[in-house]
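Below is one structure, written out as structure tokens; comments come after it.
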Amino acid sequence: MTSWTETTSPLPLLFRRRSSGEIRNLASVSSSMLPAFGTVVDEGHLQLKKFVIAPYDRRYRWWQAFLVLLVIYSAWASPFELAFKKVATGALMPVDLVVDAFFAVDIVLTFFVAYLDKSTYLLVLDHKKIALRYVISIYFAMDVVSTLPIQLIYRMFTGNSHYAQVFGFLNLLRLWRLRRVSELFKRLEKDTRFSYFWIRYIKLICVTLFAVHSAGCFYFWMATHHKTLSNTWIGTQVNDFEHKSIWLCYTYSIYWATVTLTTVGYGDLHAVNSGEKIFSIFYMLFNIGLFAYLVGNMTNLIVHSAVRTLFMRDAINEIFRYARKNRLPEGLKEQMLAHMQLKFKTAELQQEEVLEDLPKAIRSSISQHLFRRTVEKTYLFKGVSEHLTVQLASEMKAEYFPPKFDIILQNEIPTDFYILVFGALDVLKYKNGTEQFLSKLGSADLVGEIGVFFNTPQPFTVRTKKLSQVIRISHHHFKEMVQPQNEDGMIMIKNFIQHLKDLKQEMLQEIPFLTESLDELNIEHIQANENTQYNELVNFHGDTNMEETNETSTPGAITLRVIIHGHHPDEGDTNGKLIHLPESMEDLLRLAEKKLGKRGSTVVMGDGSQVEELDALRDNDHLFIF
């Protein structure tokens with residue numbers, strides 16, 4: 001069995017501080033360094049084996065970044081020395097030897113760099129395994145061949161300082177080092193600290209410059225090795241060019257390569273002999289592919305940066321078409337447009353798509369951080385347990401609304417209630433065709449709860465006064481969370497009743513059934529009857545033929561409400577009495593006898609189907625007992 005000194009998970013090392021393996025930003029860690037699902041991570045084993053380098057070690061990463069700079073030099077010097085052999089044995093030779101020395105040091109270091117086992121996703125720390133893996137790979141052979149100063153070794157053993165053309169082509173093996181640049185760009189593209197657009201843009205520029213440089217140098221090399229120098233692309237323009245300045249010839253070469261790459265083709269420099277024409281054919285075919293690669297990538301980057309704007313414009317155009325087709329009033333159309341524009345402007349703040357992909361625990365932590373203080377300040381939830389507060393904050397959904405936007409409409413069916421995070425809301429009432437202002441709401445105020453708690457149409461219209469953020473929770477989710485919390489249910493009853501009694505008189509006058517209910521409700525009575533909890537809270541008299549009952553066998557914050565009738569579905573009137581659904585069928589029949597004045601034995605739905613289990617019923621179902 002492999003010991004921990006030979007293999008270890010890379011994850012604990014990501015969290016080391018002030019050590020050789022320190023990672024200051026996880027955004028810079030390659031995804032290949034993360035463990036696979038199911039990998040057991042032992043956080044106690046944080047130390048690497050002696051003389052083993054972690055591949056994500058900060059100092060090793062800096063070393064790799066330094067080598068990339070040397071790779072850039074090698075990418076320029078190798079084709080340049082092939083074309084201009086004077087510099088290969090002159091000014092650039094000492095520089096080449098220094099660069100090769102650095103890469104020789106890197107070969108030695110590679111024998112001590114741990115690697116990631118693809119099957120277990122564990123770092124292999126055993127020296128023998130690391131060395132064997134490197135030696136038998138193609139990387140070792142190519143690294144050695146591209147690093148050896150072959151020309152210097154040839155001169156030392158033969159004493160011949162003549163520069164043979166074969167050395168120029170062997171120098172091209174240094175281009176093997178370009179894989180380091182490719183790996184660097186891949187890592188930077190995944191690093192969120194850098195702009196993806198600019199990383200890709202720089203990469204495309206580097207590819208283009210290397211193609212131009214390589215083509216120009218090789219084209220000049222062909223001219224210098226033609227049997228008739230005057231019968232070449234540059235010989236027809238520059239007499240005795242082989243004795244001219246190196247930089248003058250290099251300028252001509254780059255000019256030709258650039259003009260040909262961009263398909264401009266002025267004609268001043270053109271292929272003369274057959275070899276040059278064949279090379280030009282293949283170069284232009286290559287340029288077709290390169291040009292398509294560049295245009296495709298640039299188009300993708302530009303479109304990606306503007307995709308949200310395109311979606312917004314399409315959505316707004318759809319709204320215009322819909323409003324024009326259905327002849328919507330101007331005010332309603334403006335609300336639709338304002339909401340759509342605000343939705344796109346606040347997309348970065350909401351990021352629903354991102355949150356949906358996160359684990360529930362992380363989403364819950366985010367909700368706690370954003371909304372918990374607001375929930376705790378809301379009057380209804382003051383004094384409730386921390387457990388319920390955590391649940392409520394986790395279920396809240398944030399929304400933004402522009403100014404003069406109706407969040408709740410009067411007489412609409414209640415499905416959610418809202419807590420204002422920031423902004424301002426106006427409570428309005430439509431009466432006799434006119435709009436009346438009732439009150440103004442601020443941060444942590446609750447709206448829509450009256451309609452939800454009493455299961456009646458919303459009594460007021462709630463409109464934003466300025467840009468506002470609210471968090472909402474559905475009636476269904478609220479019921480599921482509160483029902484098992486008996487003590488918290490009592491606290492919320494008291495808070496809710498006290499809030500109703502503190503409402504302005506003009507608001508109470510607009511809710512007749514609430515005024516009648518408040519006359520019957522008192523906190524002391526509820527405290528004396530904790531088993532009924534807040535059944536009395538939901539007593540209302542919106543219909544004289546529909547009543548609530550204080551009898552229930554299930555103490556819960558919110559219970560099912562059904563409407564009972566004392567006749568068969570096919571006979572009698574449709575009015576009934578609204579009650580809380582008891583726990584058992586016997587209790588239901590007993591309660592129906594008390595409310596309807598006659599004993600029944602059969603319970604059916606409106607469609608005639610017989611009720612056998614009360615758990616199958618839903619809110620506001622009509623039950624016919626006879």
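Scheme for the structure tokens: letters A, B, ... for chains in order shown; per-chain residue numbers from 1; ligand numbers from 1 in order shown.
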Task: Within 7 Å of stretch 368-379 of chain A using only C-alpha atoms, minus same-chain residues under 4 positions, as a list in words - done: Ser364, Val390, Ala393, Ser394, Val421, Ala444, Asp445, Leu446 and Asn495 of chain A
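Candidate residues A:Val98, A:Leu116, A:Leu588, A:Leu184 were compared for distance to A:Ile563, and the nearest is A:Leu588, using only C-alpha atoms.
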Task: Members of stretch 191-305 of chain A assigned helix (DSSP H, G or I) by DSSP, as JSON, numbers by chain - done: {"A": [196, 197, 198, 199, 200, 201, 202, 203, 204, 205, 206, 207, 208, 209, 210, 211, 212, 213, 214, 215, 216, 217, 218, 219, 220, 221, 222, 223, 224, 229, 230, 231, 241, 242, 243, 246, 247, 248, 249, 250, 251, 252, 253, 254, 255, 256, 257, 258, 259, 260, 261, 274, 275, 276, 277, 278, 279, 280, 281, 282, 283, 284, 285, 286, 287, 288, 289, 290, 291, 292, 293, 294, 295, 296, 297, 298, 299, 300, 301, 302, 303, 304, 305]}
Open item on the list: Report as a count of residues only all protein, DNA and RNA residues lying within 8 Å of A:Leu441, evaluated on only C-alpha atoms, omitting residues in the same chain fewer than 4 positions from it.
Closed with: 5
Open item on the list: Counting only C-alpha atoms, which residue out of A:Val384, A:Leu132, A:Ile511, A:Ile413 sits closest to A:Gly489?
Closed with: A:Val384
TODO: Find the spatial neighbours of A:Phe286, counting only C-alpha atoms, within a cut-off of 10 Å - ignore same-chain residues fewer than 6 positions away - and output them as a count of residues only.
DONE: 3
